[in-house]
$ cat data34.cif   # mmCIF, C-alpha atoms
data_final
loop_
_atom_site.label_atom_id
_atom_site.label_comp_id
_atom_site.auth_asym_id
_atom_site.auth_seq_id
_atom_site.Cartn_x
_atom_site.Cartn_y
_atom_site.Cartn_z
CA MET A 289 -8.38 32.97 -8.73
CA ASP A 290 -11.04 30.95 -6.89
CA LEU A 291 -13.17 28.69 -9.09
CA GLU A 292 -16.42 26.79 -8.57
CA PHE A 293 -18.00 23.85 -10.35
CA THR A 294 -21.56 22.71 -9.68
CA HIS A 295 -22.32 18.99 -9.78
CA PRO A 296 -25.93 17.90 -10.50
CA THR A 297 -26.14 16.06 -7.14
CA GLU A 298 -24.48 15.99 -3.73
CA ILE A 299 -20.76 15.22 -4.02
CA TYR A 300 -19.40 12.28 -2.05
CA SER A 301 -15.91 11.79 -3.48
CA LEU A 302 -13.31 13.65 -5.52
CA ARG A 303 -9.86 12.72 -6.74
CA PRO A 304 -7.37 14.87 -8.70
CA CYS A 305 -5.15 13.18 -11.26
CA ARG A 306 -1.45 13.25 -10.38
CA ASN A 307 -0.09 12.00 -13.71
CA THR A 308 2.57 14.24 -15.26
CA ASP A 309 0.50 14.47 -18.45
CA ALA A 310 -2.81 15.17 -16.67
CA PRO A 311 -2.35 17.41 -13.60
CA ASP A 312 -5.36 19.52 -14.55
CA LEU A 313 -7.97 16.71 -14.40
CA LEU A 314 -10.34 16.20 -11.48
CA ALA A 315 -12.86 13.38 -10.97
CA ILE A 316 -16.03 14.15 -8.98
CA GLY A 317 -18.33 11.41 -7.67
CA GLY A 318 -21.97 12.20 -6.92
CA GLU A 319 -25.21 10.41 -6.12
CA HIS A 320 -25.22 8.31 -9.30
CA SER A 321 -22.52 9.60 -11.68
CA VAL A 322 -18.89 10.64 -12.09
CA GLU A 323 -18.00 13.94 -13.74
CA ILE A 324 -14.51 14.62 -15.15
CA ILE A 325 -13.49 18.27 -15.28
CA GLN A 326 -10.43 20.07 -16.58
CA VAL A 327 -9.20 22.89 -14.33
CA SER A 328 -7.50 25.95 -15.81
CA ASP A 329 -6.52 29.26 -14.23
CA THR A 330 -9.88 30.79 -15.06
CA ALA A 331 -12.51 28.03 -15.42
CA CYS A 332 -13.56 24.42 -14.86
CA HIS A 333 -14.54 22.63 -18.08
CA ARG A 334 -16.52 19.35 -18.11
CA LEU A 335 -14.83 16.67 -20.24
CA ALA A 336 -16.92 13.58 -19.51
CA SER A 337 -19.86 12.26 -17.52
CA PHE A 338 -20.25 8.59 -16.55
CA HIS A 339 -23.57 7.27 -15.24
CA ILE A 340 -22.98 4.59 -12.58
CA GLY A 341 -26.41 4.26 -10.97
CA SER A 342 -25.28 4.25 -7.33
CA ARG A 343 -23.59 6.66 -4.92
CA ILE A 344 -19.85 7.00 -5.56
CA THR A 345 -17.71 6.11 -2.53
CA ALA A 346 -14.17 6.17 -3.96
CA LEU A 347 -12.22 7.07 -7.12
CA ALA A 348 -8.73 6.33 -8.49
CA TRP A 349 -6.93 7.48 -11.65
CA SER A 350 -5.02 5.15 -13.94
CA SER A 351 -1.48 6.05 -15.02
CA ARG A 352 -2.72 5.75 -18.64
CA THR A 353 -4.65 9.00 -18.32
CA ILE A 354 -3.50 11.89 -20.53
CA SER A 355 -5.18 15.31 -20.48
CA PRO A 356 -6.38 17.07 -23.66
CA SER A 357 -4.01 19.88 -22.68
CA SER A 358 -1.10 17.47 -23.30
CA GLY A 359 -2.04 16.55 -26.85
CA ASP A 360 -4.70 15.26 -29.22
CA SER A 361 -4.20 11.63 -28.18
CA TRP A 362 -5.76 12.15 -24.77
CA VAL A 363 -7.19 9.33 -22.69
CA ILE A 364 -9.40 9.26 -19.60
CA GLU A 365 -9.20 6.09 -17.52
CA LEU A 366 -10.13 5.62 -13.87
CA VAL A 367 -11.94 3.27 -11.51
CA ALA A 368 -14.97 4.17 -9.38
CA ALA A 369 -16.53 2.33 -6.45
CA GLY A 370 -20.29 2.46 -5.81
CA ALA A 371 -22.41 2.19 -2.69
CA ASP A 372 -23.68 -1.18 -4.01
CA PHE A 373 -20.09 -2.49 -3.45
CA GLY A 374 -19.55 -2.76 -7.22
CA LEU A 375 -16.54 -1.39 -9.12
CA HIS A 376 -16.47 0.28 -12.54
CA ILE A 377 -13.72 1.03 -15.06
CA LEU A 378 -14.44 4.36 -16.76
CA THR A 379 -12.81 5.25 -20.08
CA LYS A 380 -13.09 7.90 -22.77
CA SER A 381 -10.90 9.04 -25.67
CA PRO A 382 -11.22 11.29 -28.75
CA THR A 383 -12.36 8.28 -30.79
CA ALA A 384 -14.59 6.59 -28.19
CA ALA A 385 -17.43 7.89 -26.08
CA GLU A 386 -17.87 7.32 -22.34
CA HIS A 387 -17.59 3.61 -21.52
CA VAL A 388 -18.47 1.97 -18.18
CA PHE A 389 -17.22 -1.56 -17.50
CA PRO A 390 -18.63 -3.04 -14.25
CA PHE A 391 -16.80 -5.68 -12.22
CA GLY A 392 -16.39 -6.91 -8.67
CA GLY A 393 -20.10 -7.32 -8.03
CA GLY A 394 -21.97 -10.20 -6.42
CA LEU A 395 -19.98 -12.99 -4.80
CA SER A 396 -16.67 -11.99 -6.43
CA GLY A 397 -16.13 -8.69 -4.64
CA HIS A 398 -16.58 -6.78 -1.40
CA HIS A 399 -19.51 -7.24 0.97
CA GLY A 400 -19.21 -3.86 2.64
CA LYS A 401 -18.72 -0.23 1.66
CA VAL A 402 -15.57 0.36 -0.40
CA ASN A 403 -13.94 3.21 1.51
CA ASP A 404 -10.91 3.81 -0.70
CA LEU A 405 -9.12 2.52 -3.79
CA VAL A 406 -5.84 3.17 -5.55
CA PHE A 407 -3.84 1.86 -8.48
CA CYS A 408 -0.52 0.10 -7.98
CA GLY A 409 2.39 2.51 -7.44
CA GLY A 410 5.52 2.98 -9.50
CA TRP A 411 5.69 3.93 -13.17
CA GLU A 412 5.86 0.51 -14.81
CA GLU A 413 3.08 -0.95 -16.97
CA ASP A 414 1.66 -2.69 -13.89
CA SER A 415 0.74 0.71 -12.46
CA ALA A 416 -2.33 0.65 -14.73
CA ARG A 417 -2.97 -3.08 -14.43
CA TYR A 418 -3.56 -3.54 -10.70
CA VAL A 419 -6.01 -1.60 -8.55
CA ALA A 420 -6.45 -2.16 -4.81
CA THR A 421 -9.62 -1.60 -2.78
CA VAL A 422 -10.29 -1.50 0.98
CA SER A 423 -13.63 -1.92 2.65
CA ASP A 424 -15.49 -2.09 5.94
CA ASP A 425 -15.67 -5.88 5.33
CA LYS A 426 -12.01 -5.93 6.61
CA MET A 427 -10.64 -6.98 3.22
CA LEU A 428 -7.91 -5.57 0.99
CA MET A 429 -8.48 -6.77 -2.57
CA VAL A 430 -5.91 -6.32 -5.34
CA TRP A 431 -7.61 -6.59 -8.74
CA ASP A 432 -5.89 -7.64 -11.95
CA LEU A 433 -7.72 -5.58 -14.57
CA TYR A 434 -6.17 -7.55 -17.46
CA PRO A 435 -6.21 -11.22 -16.38
CA VAL A 436 -5.02 -13.98 -18.67
CA VAL A 437 -8.00 -16.18 -17.76
CA ASP A 438 -11.60 -14.91 -17.88
CA ILE A 439 -13.55 -15.87 -14.75
CA PRO A 440 -17.11 -14.54 -15.14
CA SER A 441 -18.83 -12.96 -12.15
CA PRO A 442 -22.17 -14.67 -11.41
CA ASN A 443 -23.85 -11.51 -10.13
CA MET A 444 -22.18 -8.59 -11.85
CA SER A 445 -23.50 -5.08 -11.48
CA PRO A 446 -25.69 -4.36 -14.51
CA ASP A 447 -24.28 -2.46 -17.45
CA LEU A 448 -26.45 0.67 -17.58
CA GLY A 449 -26.52 1.23 -21.31
CA MET A 450 -23.30 3.21 -21.72
CA SER A 451 -21.18 0.20 -22.71
CA PRO A 452 -21.33 -2.30 -25.56
CA SER A 453 -23.19 -5.45 -24.61
CA PRO A 454 -21.97 -8.07 -24.22
CA SER A 455 -18.38 -7.01 -23.41
CA SER A 456 -15.51 -9.13 -24.67
CA ARG A 457 -13.24 -7.88 -21.91
CA PRO A 458 -12.34 -10.54 -19.30
CA GLN A 459 -13.62 -9.96 -15.77
CA PRO A 460 -10.84 -8.76 -13.40
CA THR A 461 -9.67 -11.23 -10.78
CA ALA A 462 -8.88 -10.41 -7.15
CA TYR A 463 -6.18 -11.35 -4.65
CA VAL A 464 -7.65 -11.02 -1.15
CA ILE A 465 -5.77 -10.02 2.01
CA PRO A 466 -7.81 -10.06 5.27
CA PHE A 467 -7.29 -7.68 8.18
CA PRO A 468 -8.63 -7.72 11.75
CA HIS A 469 -10.65 -4.48 11.57
CA PRO A 470 -12.57 -2.41 8.98
CA LEU A 471 -10.21 -0.58 6.60
CA THR A 472 -10.53 3.13 5.86
CA THR A 473 -7.64 4.22 3.63
CA ILE A 474 -5.20 2.80 1.10
CA ARG A 475 -2.32 4.68 -0.56
CA ASN A 476 0.42 3.89 -3.06
CA HIS A 477 3.79 5.54 -3.62
CA PRO A 478 5.48 6.47 -6.92
CA ALA A 479 8.74 4.91 -5.71
CA THR A 480 7.39 1.36 -5.27
CA SER A 481 4.98 -1.02 -6.98
CA LYS A 482 5.22 -3.65 -4.22
CA GLU A 483 3.75 -1.94 -1.17
CA PHE A 484 0.47 -0.38 -0.18
CA LEU A 485 -0.16 1.76 2.89
CA VAL A 486 -3.37 0.62 4.61
CA SER A 487 -5.10 2.06 7.69
CA ASP A 488 -7.92 0.70 9.81
CA CYS A 489 -10.48 2.40 12.05
CA HIS A 490 -8.70 1.35 15.26
CA GLY A 491 -5.56 3.48 14.86
CA SER A 492 -3.26 1.02 13.06
CA ILE A 493 -1.38 1.56 9.80
CA PHE A 494 0.07 -1.34 7.79
CA LEU A 495 2.81 -1.22 5.17
CA THR A 496 1.82 -4.29 3.17
CA ASP A 497 3.90 -6.03 0.50
CA TRP A 498 1.11 -7.48 -1.61
CA ARG A 499 3.44 -9.06 -4.18
CA SER A 500 5.32 -11.31 -1.75
CA ASP A 501 4.56 -15.02 -2.02
CA PRO A 502 3.71 -16.49 1.41
CA GLU A 503 5.32 -19.75 0.30
CA ASP A 504 8.68 -17.94 0.04
CA GLY A 505 8.62 -16.78 3.65
CA ASP A 506 9.95 -18.46 6.75
CA GLU A 507 8.13 -21.53 7.92
CA GLY A 508 5.38 -20.52 10.30
CA ALA A 509 5.25 -16.91 9.08
CA LEU A 510 1.88 -15.23 8.92
CA ARG A 511 0.27 -15.58 5.51
CA HIS A 512 -0.40 -11.87 5.07
CA SER A 513 2.03 -10.33 7.55
CA SER A 514 2.80 -6.64 6.98
CA LEU A 515 6.32 -5.29 6.63
CA VAL A 516 5.65 -2.56 9.20
CA GLU A 517 2.77 -1.80 11.55
CA LEU A 518 2.38 1.72 12.94
CA VAL A 519 -0.01 2.85 15.66
CA GLU A 520 -1.50 6.05 16.99
CA PRO A 521 -1.52 5.25 20.74
CA SER A 522 -4.47 7.36 21.85
CA ALA A 523 -6.68 6.07 19.01
CA LEU A 524 -5.66 2.49 19.78
CA ALA A 525 -6.38 3.00 23.49
CA THR A 526 -9.80 4.45 22.69
CA ALA A 527 -10.55 1.47 20.45
CA CYS A 528 -9.53 -0.98 23.18
CA MET A 529 -11.91 0.78 25.57
CA GLY A 530 -14.75 0.48 23.06
CA GLY A 531 -14.98 4.20 22.31
CA THR A 532 -13.85 4.23 18.69
CA LYS A 533 -15.75 6.35 16.20
CA GLN A 534 -15.60 4.20 13.10
CA TRP A 535 -14.34 5.58 9.79
CA SER A 536 -12.51 8.45 11.53
CA ALA A 537 -9.02 7.43 10.35
CA SER A 538 -7.30 8.78 7.24
CA VAL A 539 -3.64 8.47 6.18
CA ASP A 540 -1.47 9.63 3.28
CA TRP A 541 2.04 8.90 1.98
CA ARG A 542 4.38 11.80 1.28
CA ALA A 543 5.25 11.66 -2.41
CA ASP A 544 8.87 12.84 -2.18
CA ALA A 545 9.81 10.81 0.91
CA ILE A 546 8.84 7.14 1.12
CA ASP A 547 9.62 7.07 4.85
CA ILE A 548 7.18 9.86 5.81
CA ILE A 549 3.54 9.07 6.56
CA GLY A 550 0.84 11.35 7.90
CA GLY A 551 -2.60 10.61 9.28
CA VAL A 552 -5.50 11.71 11.43
CA PHE A 553 -7.28 9.73 14.14
CA GLY A 554 -10.04 11.16 16.31
CA ASN A 555 -9.15 14.81 16.98
CA LYS A 556 -5.37 14.52 16.38
CA PHE A 557 -2.96 14.35 13.49
CA ALA A 558 0.28 12.38 13.55
CA LEU A 559 3.43 12.05 11.44
CA TRP A 560 5.58 8.91 11.26
CA ASP A 561 9.12 8.40 9.97
CA ILE A 562 9.51 4.67 9.30
CA SER A 563 13.29 5.06 9.13
CA LYS A 564 12.99 5.77 12.89
CA LEU A 565 10.33 3.30 13.97
CA ARG A 566 10.21 4.14 17.70
CA GLY A 567 8.12 1.03 18.28
CA GLY A 568 5.67 2.11 15.60
CA THR A 569 4.62 5.28 17.45
CA PRO A 570 4.45 8.70 15.74
CA LEU A 571 7.38 11.07 15.46
CA VAL A 572 4.98 13.99 15.98
CA THR A 573 1.40 14.26 17.25
CA SER A 574 -0.71 17.34 17.74
CA ASN A 575 -4.31 18.29 18.37
CA SER A 576 -6.45 19.45 15.47
CA PHE A 577 -10.21 20.00 15.22
CA PRO A 578 -11.69 19.25 18.67
CA GLU A 579 -14.91 18.06 16.98
CA GLY A 580 -12.97 15.30 15.22
CA VAL A 581 -10.82 15.11 12.09
CA GLN A 582 -11.92 13.45 8.87
CA LEU A 583 -9.24 13.61 6.14
CA PHE A 584 -5.46 14.04 5.82
CA ARG A 585 -3.84 15.01 2.49
CA TRP A 586 -0.24 15.75 1.52
CA CYS A 587 0.41 18.38 -1.15
CA HIS A 588 1.92 16.66 -4.20
CA THR A 589 3.77 19.65 -5.68
CA HIS A 590 4.95 21.25 -2.40
CA PRO A 591 5.25 18.22 -0.11
CA GLU A 592 6.09 20.23 2.99
CA TYR A 593 2.39 21.17 3.17
CA PHE A 594 -0.47 18.98 4.33
CA GLY A 595 -4.17 19.65 4.78
CA ILE A 596 -6.74 18.47 7.32
CA SER A 597 -10.53 18.62 7.23
CA THR A 598 -13.43 17.89 9.54
CA GLN A 599 -16.98 16.84 8.69
CA SER A 600 -18.42 18.64 11.71
CA PRO A 601 -20.62 21.55 10.57
CA SER A 602 -20.26 23.43 13.88
CA LYS A 603 -17.78 25.93 12.41
CA GLY A 604 -18.75 25.67 8.77
CA ALA A 605 -16.73 24.27 5.88
CA VAL A 606 -13.18 24.72 7.22
CA LEU A 607 -9.78 23.40 6.14
CA HIS A 608 -6.46 23.64 7.97
CA VAL A 609 -3.17 23.70 6.06
CA HIS A 610 0.05 22.94 7.97
CA ASN A 611 3.74 23.24 7.07
CA CYS A 612 5.56 20.17 8.41
CA ASN A 613 8.74 22.26 8.85
CA TYR A 614 6.80 24.15 11.53
CA VAL A 615 4.46 21.39 12.55
CA HIS A 616 3.56 22.81 15.96
CA ALA A 617 2.79 26.29 14.62
CA ALA A 618 -0.81 27.34 14.16
CA PRO A 619 -2.19 26.18 10.80
CA THR A 620 -3.51 28.43 8.07
CA SER A 621 -7.30 28.19 8.28
CA PHE A 622 -9.59 28.48 5.25
CA THR A 623 -13.30 29.03 5.93
CA LEU A 624 -15.01 28.19 2.64
CA ARG A 625 -18.67 28.29 3.69
CA PRO A 626 -20.53 29.20 6.91
CA LYS A 627 -22.23 26.56 9.04
CA PRO A 628 -24.08 24.23 8.58
CA HIS A 629 -21.92 23.49 5.49
CA PHE A 630 -18.97 21.10 5.81
CA VAL A 631 -16.19 19.70 3.62
CA ARG A 632 -17.16 16.24 2.36
CA ASP A 633 -13.86 15.61 0.56
CA PHE A 634 -10.79 17.56 -0.55
CA ASP A 635 -7.33 17.15 -2.06
CA PHE A 636 -4.45 19.15 -3.51
CA LEU A 637 -4.24 19.46 -7.29
CA ALA A 638 -0.98 18.50 -9.02
CA LEU A 639 -0.76 21.73 -11.03
CA GLU A 640 2.47 23.70 -10.92
CA GLY A 641 2.76 27.01 -9.11
CA ILE A 642 1.05 27.94 -5.86
CA PRO A 643 -0.61 24.85 -4.36
CA ARG A 644 -4.33 24.65 -5.13
CA ILE A 645 -6.98 22.73 -3.24
CA ALA A 646 -10.22 21.25 -4.58
CA ALA A 647 -12.89 20.90 -1.87
CA ALA A 648 -16.35 19.33 -2.16
CA ILE A 649 -19.10 21.15 -0.24
CA GLY A 650 -22.64 20.00 -0.96
CA ARG A 651 -23.02 20.13 -4.75
CA ILE A 652 -20.13 22.57 -5.21
CA VAL A 653 -16.43 21.95 -5.86
CA MET A 654 -14.33 24.94 -4.85
CA VAL A 655 -10.82 25.27 -6.31
CA PHE A 656 -8.58 27.83 -4.63
CA PRO A 657 -4.87 28.57 -4.02
CA ILE A 658 -3.43 28.44 -0.51
CA GLY A 659 -1.37 31.59 -1.10
CA VAL A 660 -0.72 34.43 -3.53
CA ASP A 661 2.11 35.36 -5.91
CA THR A 662 4.56 37.83 -4.46
#
$ encode --input "data34.cif" --output "structure tokens"
Amino acid sequence: MDLEFTHPTEIYSLRPCRNTDAPDLLAIGGEHSVEIIQVSDTACHRLASFHIGSRITALAWSSRTISPSSGDSWVIELVAAGADFGLHILTKSPTAAEHVFPFGGGLSGHHGKVNDLVFCGGWEEDSARYVATVSDDKMLMVWDLYPVVDIPSPNMSPDLGMSPSPSSRPQPTAYVIPFPHPLTTIRNHPATSKEFLVSDCHGSIFLTDWRSDPEDGDEGALRHSSLVELVEPSALATACMGGTKQWSASVDWRADAIDIIGGVFGNKFALWDISKLRGGTPLVTSNSFPEGVQLFRWCHTHPEYFGISTQSPSKGAVLHVHNCNYVHAAPTSFTLRPKPHFVRDFDFLALEGIPRIAAAIGRIVMVFPIGVDT
């Protein structure tokens, strides 16, 4: 059954929760607020609304989150990034109303748009303690949300009346890793808490061990050297010739296979197997939307599937779903709205059964299955 949820403003970001105890939760970021909805087979129910005060650019769920469908002791916890470069911890529980805790503003955080954020991988306690952000200021920042020492931010984003004032919670602290080009995507993996997958707008992908101490490395080693660097050759060549379309790169890490990475650059998608490095070049490449590709997403519950979207409105709001076992076969195409509509953001839900996609189009989130029961 296809479902729709209407947000009060244009939607700029969405992120489904992939926790085992909360696969039915979906966060939706709009012009100035974040809505949390619970998705069932027949309806979308609003659970919480957080007023941020600026356009939402990225969202990430904490591993602490538990859905009301999993018990009475449910918890909502996630982090949102705003267009003012500030970050916000959003929480709600049965005994506490919506709470917004701002951090990372002013001199202590990013100085460019935060394009993506993600919590630390793995299933240890640290998976809810550290959150990483990437920005067009060429910085990867790993934030400790529960630091031992409180270092106040001199120019924090203002608390907009939804949180107790003043807050006794210490301000998160950041570990900064610089990169040569603006960063577009960051991903974690459930099998590791040490590495992040980071992509830039020039066609490079970095597997970065953020926990390694540079002092423990070989003398003369780069301070923030990555474990592996992958490239998409045509995107890199275009960048070297000065023809790069910024922010056109998106990558994702296959949940069931730590060696498999997928991504889109320009009008192509590519798959890498880092157990067979091949000089960092892709194992498979293929053309996709000729107008340019925007997002790449693996399906969490059926990892052989991946989806691709474009932000070009020339053919309407269209998604392509591929099966990586038949990667060169024609994709299944879903036309959700006629032109001039386009898909702003999308992802696969973590619900069991037939894979379901949530797609943001204007003010509407559409939730639909990619197949039918037989």
$ residues_around --input "data34.cif" --residues "range 613-621 of chain A" --least-positions-apart "5" --cutoff "12 Å" --atoms "all atoms listed in the file" --output "number ranges by chain"
A: 550, 557-559, 571-577, 590-597, 603-608, 658-659
$ resolve_selection --input "data34.cif" --expression "the PyMOL selection byres ((chain A and resi 336) around 7)" --output "list of chain:residue names"
A:Glu323, A:Ile324, A:Arg334, A:Leu335, A:Ser337, A:Phe338, A:Glu386
$ closest_residue --input "data34.cif" --among "A:Ser481, A:Thr569, A:Ser321, A:Asn555" --to "Ile493 in chain A" --atoms "all atoms listed in the file"
A:Thr569
$ resolve_selection --input "data34.cif" --expression "the PyMOL selection byres ((chain A and resi 516) around 8)" --output "PyMOL selection string"
chain A and resi 494-496+514-515+517-518+568
$ closest_residue --input "data34.cif" --among "A:Glu319, A:Asp404, A:Asp633, A:Glu640" --to "Met654 in chain A" --atoms "all atoms listed in the file"
A:Asp633
$ resolve_selection --input "data34.cif" --expression "the PyMOL selection byres ((chain A and resi 477) around 8)" --output "PyMOL selection string"
chain A and resi 409-410+475-476+478-481+483-484+541-543+546
$ write_last_selection --input "data34.cif" --atoms "C-alpha atoms" --output "PDB file, in the coordinates of the input"
ATOM      1  CA  GLY A 409       2.390   2.510  -7.440  1.00  0.00           C
ATOM      2  CA  GLY A 410       5.520   2.980  -9.500  1.00  0.00           C
ATOM      3  CA  ARG A 475      -2.320   4.680  -0.560  1.00  0.00           C
ATOM      4  CA  ASN A 476       0.420   3.890  -3.060  1.00  0.00           C
ATOM      5  CA  PRO A 478       5.480   6.470  -6.920  1.00  0.00           C
ATOM      6  CA  ALA A 479       8.740   4.910  -5.710  1.00  0.00           C
ATOM      7  CA  THR A 480       7.390   1.360  -5.270  1.00  0.00           C
ATOM      8  CA  SER A 481       4.980  -1.020  -6.980  1.00  0.00           C
ATOM      9  CA  GLU A 483       3.750  -1.940  -1.170  1.00  0.00           C
ATOM     10  CA  PHE A 484       0.470  -0.380  -0.180  1.00  0.00           C
ATOM     11  CA  TRP A 541       2.040   8.900   1.980  1.00  0.00           C
ATOM     12  CA  ARG A 542       4.380  11.800   1.280  1.00  0.00           C
ATOM     13  CA  ALA A 543       5.250  11.660  -2.410  1.00  0.00           C
ATOM     14  CA  ILE A 546       8.840   7.140   1.120  1.00  0.00           C
TER      15      ILE A 546
END
$ closest_atom_pairs --input "data34.cif" --of "range 321-419 of chain A" --to "range 471-474 of chain A" --cutoff "7 Å" --atoms "only C-alpha atoms" --output "JSON lines"
{"residue": "A:Asn403", "atom": "CA", "partner": "A:Thr472", "partner_atom": "CA", "distance": 5.5}
{"residue": "A:Asp404", "atom": "CA", "partner": "A:Thr473", "partner_atom": "CA", "distance": 5.4}
{"residue": "A:Leu405", "atom": "CA", "partner": "A:Ile474", "partner_atom": "CA", "distance": 6.3}
{"residue": "A:Val406", "atom": "CA", "partner": "A:Ile474", "partner_atom": "CA", "distance": 6.7}
$ atom_distance --input "data34.cif" --atom1 "CA of Pro657 in chain A" --atom2 "CA of Pro643 in chain A"
5.7 Å
$ closest_residue --input "data34.cif" --among "A:Leu637, A:Ala371, A:Cys489, A:Leu395" --to "Lys426 in chain A" --atoms "only C-alpha atoms"
A:Cys489
$ atom_distance --input "data34.cif" --atom1 "CA of Ile645 in chain A" --atom2 "CA of Ile377 in chain A"
25.6 Å
$ residues_near_point --input "data34.cif" --point "(-13.1, -4.0, 7.3)" --cutoff "9 Å" --atoms "all atoms listed in the file" --output "VMD selection string"
chain A and resid 400 to 401 422 to 428 466 to 472 488 to 489
$ residues_around --input "data34.cif" --residues "range 626-629 of chain A" --least-positions-apart "2" --cutoff "10 Å" --atoms "all atoms listed in the file" --output "ChimeraX atom specification"
/A:599-606,623-624,631-632,649-650
$ atom_distance --input "data34.cif" --atom1 "CA of Val430 in chain A" --atom2 "CA of Asp309 in chain A"
25.4 Å
$ closest_residue --input "data34.cif" --among "A:Ala648, A:Val388, A:Ser487, A:Arg303" --to "Arg457 in chain A" --atoms "only C-alpha atoms"
A:Val388
$ residues_around --input "data34.cif" --residues "Thr379 in chain A" --least-positions-apart "6" --cutoff "10 Å" --atoms "all atoms listed in the file" --output "NGL selection string"
:A and (336 or 338 or 350 or 353 or 363-367 or 385-389)
$ write_last_selection --input "data34.cif" --atoms "C-alpha atoms" --output "tab-separated table (two decimals), in the frame of the given file"
chain	number	residue	atom	x	y	z
A	336	ALA	CA	-16.92	13.58	-19.51
A	338	PHE	CA	-20.25	8.59	-16.55
A	350	SER	CA	-5.02	5.15	-13.94
A	353	THR	CA	-4.65	9.00	-18.32
A	363	VAL	CA	-7.19	9.33	-22.69
A	364	ILE	CA	-9.40	9.26	-19.60
A	365	GLU	CA	-9.20	6.09	-17.52
A	366	LEU	CA	-10.13	5.62	-13.87
A	367	VAL	CA	-11.94	3.27	-11.51
A	385	ALA	CA	-17.43	7.89	-26.08
A	386	GLU	CA	-17.87	7.32	-22.34
A	387	HIS	CA	-17.59	3.61	-21.52
A	388	VAL	CA	-18.47	1.97	-18.18
A	389	PHE	CA	-17.22	-1.56	-17.50
$ residues_around --input "data34.cif" --residues "Asp432 in chain A" --least-positions-apart "6" --cutoff "6 Å" --atoms "only C-alpha atoms" --output "list in words"
Arg417, Tyr418, Pro460 and Thr461 of chain A
$ closest_residue --input "data34.cif" --among "A:Asp635, A:Glu412, A:Asp329, A:Asp547" --to "Cys587 in chain A" --atoms "all atoms listed in the file"
A:Asp635
$ decode --input "data34.cif" --residues "range 461-492 of chain A" --atoms "C-alpha atoms" --output "PDB file, in the first residue's frame"
ATOM      1  CA  THR A 461      33.875  18.620  21.585  1.00  0.00           C
ATOM      2  CA  ALA A 462      35.162  17.942  18.065  1.00  0.00           C
ATOM      3  CA  TYR A 463      38.120  16.121  16.532  1.00  0.00           C
ATOM      4  CA  VAL A 464      38.834  17.694  13.129  1.00  0.00           C
ATOM      5  CA  ILE A 465      40.203  15.903  10.056  1.00  0.00           C
ATOM      6  CA  PRO A 466      40.875  18.117   6.990  1.00  0.00           C
ATOM      7  CA  PHE A 467      40.491  16.991   3.383  1.00  0.00           C
ATOM      8  CA  PRO A 468      41.586  18.600   0.104  1.00  0.00           C
ATOM      9  CA  HIS A 469      38.101  19.127  -1.390  1.00  0.00           C
ATOM     10  CA  PRO A 470      34.522  19.780  -0.205  1.00  0.00           C
ATOM     11  CA  LEU A 471      32.944  16.650   1.305  1.00  0.00           C
ATOM     12  CA  THR A 472      29.518  15.384   0.272  1.00  0.00           C
ATOM     13  CA  THR A 473      28.813  12.086   2.035  1.00  0.00           C
ATOM     14  CA  ILE A 474      29.790  10.170   5.155  1.00  0.00           C
ATOM     15  CA  ARG A 475      28.700   6.629   6.059  1.00  0.00           C
ATOM     16  CA  ASN A 476      29.301   4.189   8.902  1.00  0.00           C
ATOM     17  CA  HIS A 477      29.089   0.397   8.982  1.00  0.00           C
ATOM     18  CA  PRO A 478      27.544  -1.854  11.652  1.00  0.00           C
ATOM     19  CA  ALA A 479      30.644  -4.077  11.596  1.00  0.00           C
ATOM     20  CA  THR A 480      33.127  -1.378  12.673  1.00  0.00           C
ATOM     21  CA  SER A 481      33.295   1.589  15.026  1.00  0.00           C
ATOM     22  CA  LYS A 482      36.732   2.708  13.791  1.00  0.00           C
ATOM     23  CA  GLU A 483      36.144   3.673  10.169  1.00  0.00           C
ATOM     24  CA  PHE A 484      34.032   6.142   8.267  1.00  0.00           C
ATOM     25  CA  LEU A 485      33.443   6.181   4.526  1.00  0.00           C
ATOM     26  CA  VAL A 486      33.837   9.737   3.201  1.00  0.00           C
ATOM     27  CA  SER A 487      33.371  11.057  -0.351  1.00  0.00           C
ATOM     28  CA  ASP A 488      34.276  14.384  -1.900  1.00  0.00           C
ATOM     29  CA  CYS A 489      32.901  16.272  -4.898  1.00  0.00           C
ATOM     30  CA  HIS A 490      35.892  15.400  -7.103  1.00  0.00           C
ATOM     31  CA  GLY A 491      35.267  11.655  -7.405  1.00  0.00           C
ATOM     32  CA  SER A 492      37.350  10.356  -4.476  1.00  0.00           C
TER      33      SER A 492
END
